[in-house]
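The block underneath contains the structure these notes are about, expressed in structure tokens.
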Amino acid sequence: MPEGDAVFHTAERLRKALAGKVLTRSDFRVPRYATLDLQGQPVESVGTYGKHLFVRTPELSIHTHLKMEGEWRVYAPGQRWTKPGFTARLVLANADAEAVGFSLGLVAVLRRSEEHTATDHLGPDLLGSDWDAAEAVRRLAREPERPIGLALLDQTNLAGIGNIYRSEICFLRRVHPASPVGEVDDLRGLVDEAHRVLMRAAYEPPWRALAYGRQRRPCRRCGTALVVHLLGDEGDATRAERGIYFCPRCQTKSP
């Protein structure tokens, strides 16, 4: 699943293609909005909150979420799409560009005044201008027995972290991902690390993984072979896809 930085970069591409321009065509390929026509409406802004993306006209906010397989691509007018047309769920076009959302996990249209209802349940946005580290710490600490590797994935604690960055954050802080939140020595330090990691990924690409995807390869600190273990909530359908990578020597559980 794309993480906060990927959604942030997607929004940048859509902002360049759509913001400040008038829509010449909208095509909502979801039954609920099939008759909605935004032709003639200007796109005022494109923004994100965690993994959620919003394209805003003066009165409406088009809310999309990529989920596992979603992707936005931008084409020149008349350019052939590079993904199957039947997977397109939303098309927004102007005189200069055509933005197509393929396999989007969520498409919803809200009044601008109601946009907050899509994010009210989420924790602080790691890439937001109003990032609140203290609130993120407070939310994480509500479940002291929960493994930190699971708590970091919970978007109601802090918004924007996925499977890749939970591995990286725990590795950088030398925290075993199965350690209970209440046993993490410096929870504020870990939260600040999460903020630094996501900001670096958003503003200073390219990014090189220190732990994620490096099973059986040497730890960059101590040389021990990294391992990958499954760590997901019971009943989580994606648990098998959520292996977390760590160093068994550098990242030890608290005694």
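Residue numbering restarts at 1 for every chain of the structure tokens, chains are lettered A, B, ... in their displayed order, and ligands are numbered from 1 as they appear.
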**Asked** Which polymer residues have any atom within 9 Å of an atom of A:Arg89, counting only C-alpha atoms, with same-chain residues fewer than 6 positions away left out, as JSON, numbers by chain?
**Response** {"A": [27, 28, 29, 30, 100, 101, 102, 103, 104, 107]}
**Message:** With only C-alpha atoms as the counted atoms, please give the residues lying no more than 7 Å from A:Tyr75, apart from itself and same-chain residues fewer than 5 positions off, as a ChimeraX atom specification.
**Reply:** /A:97-99
**Request:** Could you give me, as a VMD selection string, each residue of stretch 2-249 of chain A that DSSP assigns to alpha helix (DSSP H) when run on this structure's backbone?
**Result:** chain A and resid 4 to 18 133 to 140 148 to 151 163 to 172 187 to 203
**Request:** Identify, with DSSP run on backbone atoms, the residues in stretch 66-229 of chain A assigned to strand (DSSP E or B), and express the list as a PyMOL selection string.
**Result:** chain A and resi 71-75+88-93+98-102+106-111+125+147+159+180+218+225+227-229
**Item:** Selected residue, from A:Arg80, A:Arg173, A:His121, A:Lys51, that lies nearest to A:Lys67 when counting only C-alpha atoms
**Value:** A:Lys51
**Request:** Skip A:Ser45 itself and residues of its chain fewer than 4 positions away, then list as number ranges by chain all residues within 9 Å of it, counting only C-alpha atoms.
**Result:** A: 15, 18-20, 54-57
Neighbouring residues of A:Lys21 were defined as those with any atom within 10 Å, considering only C-alpha atoms; residues of the same chain fewer than 5 positions away were excluded. Please report them as a tab-separated table (two decimals) with all heavy atoms, in the first residue's frame.
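That gives us part.tsv:
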chain	number	residue	atom	x	y	z
A	15	ARG	N	-1.45	18.34	-8.61
A	15	ARG	CA	-1.50	19.80	-8.42
A	15	ARG	C	-0.97	20.51	-9.66
A	15	ARG	O	-1.56	21.49	-10.14
A	15	ARG	CB	-0.69	20.17	-7.18
A	15	ARG	CG	-0.88	21.60	-6.72
A	15	ARG	CD	-0.14	21.85	-5.42
A	15	ARG	NE	-0.65	21.01	-4.34
A	15	ARG	CZ	0.04	20.06	-3.72
A	15	ARG	NH1	1.32	19.83	-4.06
A	15	ARG	NH2	-0.50	19.36	-2.77
A	16	LYS	N	0.13	20.02	-10.20
A	16	LYS	CA	0.70	20.64	-11.41
A	16	LYS	C	-0.23	20.50	-12.60
A	16	LYS	O	-0.30	21.38	-13.46
A	16	LYS	CB	2.05	20.00	-11.72
A	16	LYS	CG	3.15	20.33	-10.72
A	16	LYS	CD	4.43	19.60	-11.04
A	16	LYS	CE	5.51	19.88	-10.01
A	16	LYS	NZ	6.75	19.11	-10.28
A	40	GLY	N	-16.54	22.66	-16.32
A	40	GLY	CA	-16.66	24.09	-16.09
A	40	GLY	C	-16.25	24.52	-14.69
A	40	GLY	O	-16.14	25.73	-14.43
A	41	GLN	N	-15.99	23.56	-13.81
A	41	GLN	CA	-15.58	23.89	-12.45
A	41	GLN	C	-14.07	24.05	-12.37
A	41	GLN	O	-13.32	23.23	-12.89
A	41	GLN	CB	-16.03	22.80	-11.49
A	41	GLN	CG	-17.52	22.68	-11.31
A	41	GLN	CD	-18.11	23.91	-10.63
A	41	GLN	OE1	-17.61	24.36	-9.60
A	41	GLN	NE2	-19.13	24.46	-11.24
A	42	PRO	N	-13.58	25.08	-11.68
A	42	PRO	CA	-12.12	25.21	-11.49
A	42	PRO	C	-11.64	24.32	-10.35
A	42	PRO	O	-12.36	24.12	-9.37
A	42	PRO	CB	-11.95	26.69	-11.13
A	42	PRO	CG	-13.25	27.05	-10.46
A	42	PRO	CD	-14.32	26.24	-11.14
A	43	VAL	N	-10.45	23.79	-10.49
A	43	VAL	CA	-9.82	23.07	-9.39
A	43	VAL	C	-9.02	24.09	-8.59
A	43	VAL	O	-8.07	24.68	-9.10
A	43	VAL	CB	-8.90	21.94	-9.90
A	43	VAL	CG1	-8.12	21.32	-8.75
A	43	VAL	CG2	-9.73	20.87	-10.60
A	44	GLU	N	-9.41	24.29	-7.35
A	44	GLU	CA	-8.74	25.30	-6.53
A	44	GLU	C	-7.47	24.78	-5.88
A	44	GLU	O	-6.49	25.52	-5.75
A	44	GLU	CB	-9.70	25.81	-5.45
A	44	GLU	CG	-10.84	26.65	-6.01
A	44	GLU	CD	-11.61	27.37	-4.93
A	44	GLU	OE1	-11.58	26.92	-3.76
A	44	GLU	OE2	-12.26	28.39	-5.24
A	45	SER	N	-7.48	23.51	-5.47
A	45	SER	CA	-6.30	22.98	-4.78
A	45	SER	C	-6.33	21.47	-4.79
A	45	SER	O	-7.36	20.84	-5.04
A	45	SER	CB	-6.24	23.49	-3.33
A	45	SER	OG	-7.33	23.00	-2.58
A	93	ALA	N	-10.18	16.03	-16.39
A	93	ALA	CA	-9.41	16.57	-17.52
A	93	ALA	C	-9.63	18.07	-17.67
A	93	ALA	O	-10.69	18.61	-17.33
A	93	ALA	CB	-9.80	15.84	-18.81
A	94	ASN	N	-8.59	18.72	-18.19
A	94	ASN	CA	-8.69	20.13	-18.59
A	94	ASN	C	-8.04	20.27	-19.96
A	94	ASN	O	-7.71	19.27	-20.61
A	94	ASN	CB	-8.04	21.05	-17.54
A	94	ASN	CG	-6.60	20.66	-17.23
A	94	ASN	OD1	-5.81	20.37	-18.13
A	94	ASN	ND2	-6.23	20.67	-15.95
A	95	ALA	N	-7.84	21.49	-20.40
A	95	ALA	CA	-7.31	21.70	-21.74
A	95	ALA	C	-5.88	21.21	-21.91
A	95	ALA	O	-5.43	20.95	-23.03
A	95	ALA	CB	-7.39	23.19	-22.10
A	96	ASP	N	-5.16	21.04	-20.80
A	96	ASP	CA	-3.74	20.70	-20.87
A	96	ASP	C	-3.40	19.29	-20.41
A	96	ASP	O	-2.32	18.78	-20.73
A	96	ASP	CB	-2.93	21.68	-20.01
A	96	ASP	CG	-3.14	23.12	-20.43
A	96	ASP	OD1	-3.08	23.40	-21.64
A	96	ASP	OD2	-3.40	23.95	-19.53
A	97	ALA	N	-4.27	18.67	-19.64
A	97	ALA	CA	-3.91	17.37	-19.04
A	97	ALA	C	-5.15	16.55	-18.75
A	97	ALA	O	-6.27	17.07	-18.63
A	97	ALA	CB	-3.12	17.59	-17.75
**Item:** Shell around A:Pro177 at 6 Å using only C-alpha atoms, local window under 2 positions removed, as a VMD selection string
**Value:** chain A and resid 148 to 149 179
**Item:** Selection: 10 Å around A:Ala178, only C-alpha atoms, excl. self and same-chain fewer than 2 positions, as number ranges by chain
**Value:** A: 146-150, 170, 175-176, 180-181, 229, 231, 244, 251-254
**Request:** Kindly give the distance, in Å, that separates atom CA of A:Asp132 and atom CA of A:Arg188, rounded to a single decimal.
**Result:**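 Pair atom CA of A:Asp132 / atom CA of A:Arg188 returns 11.2 Å.
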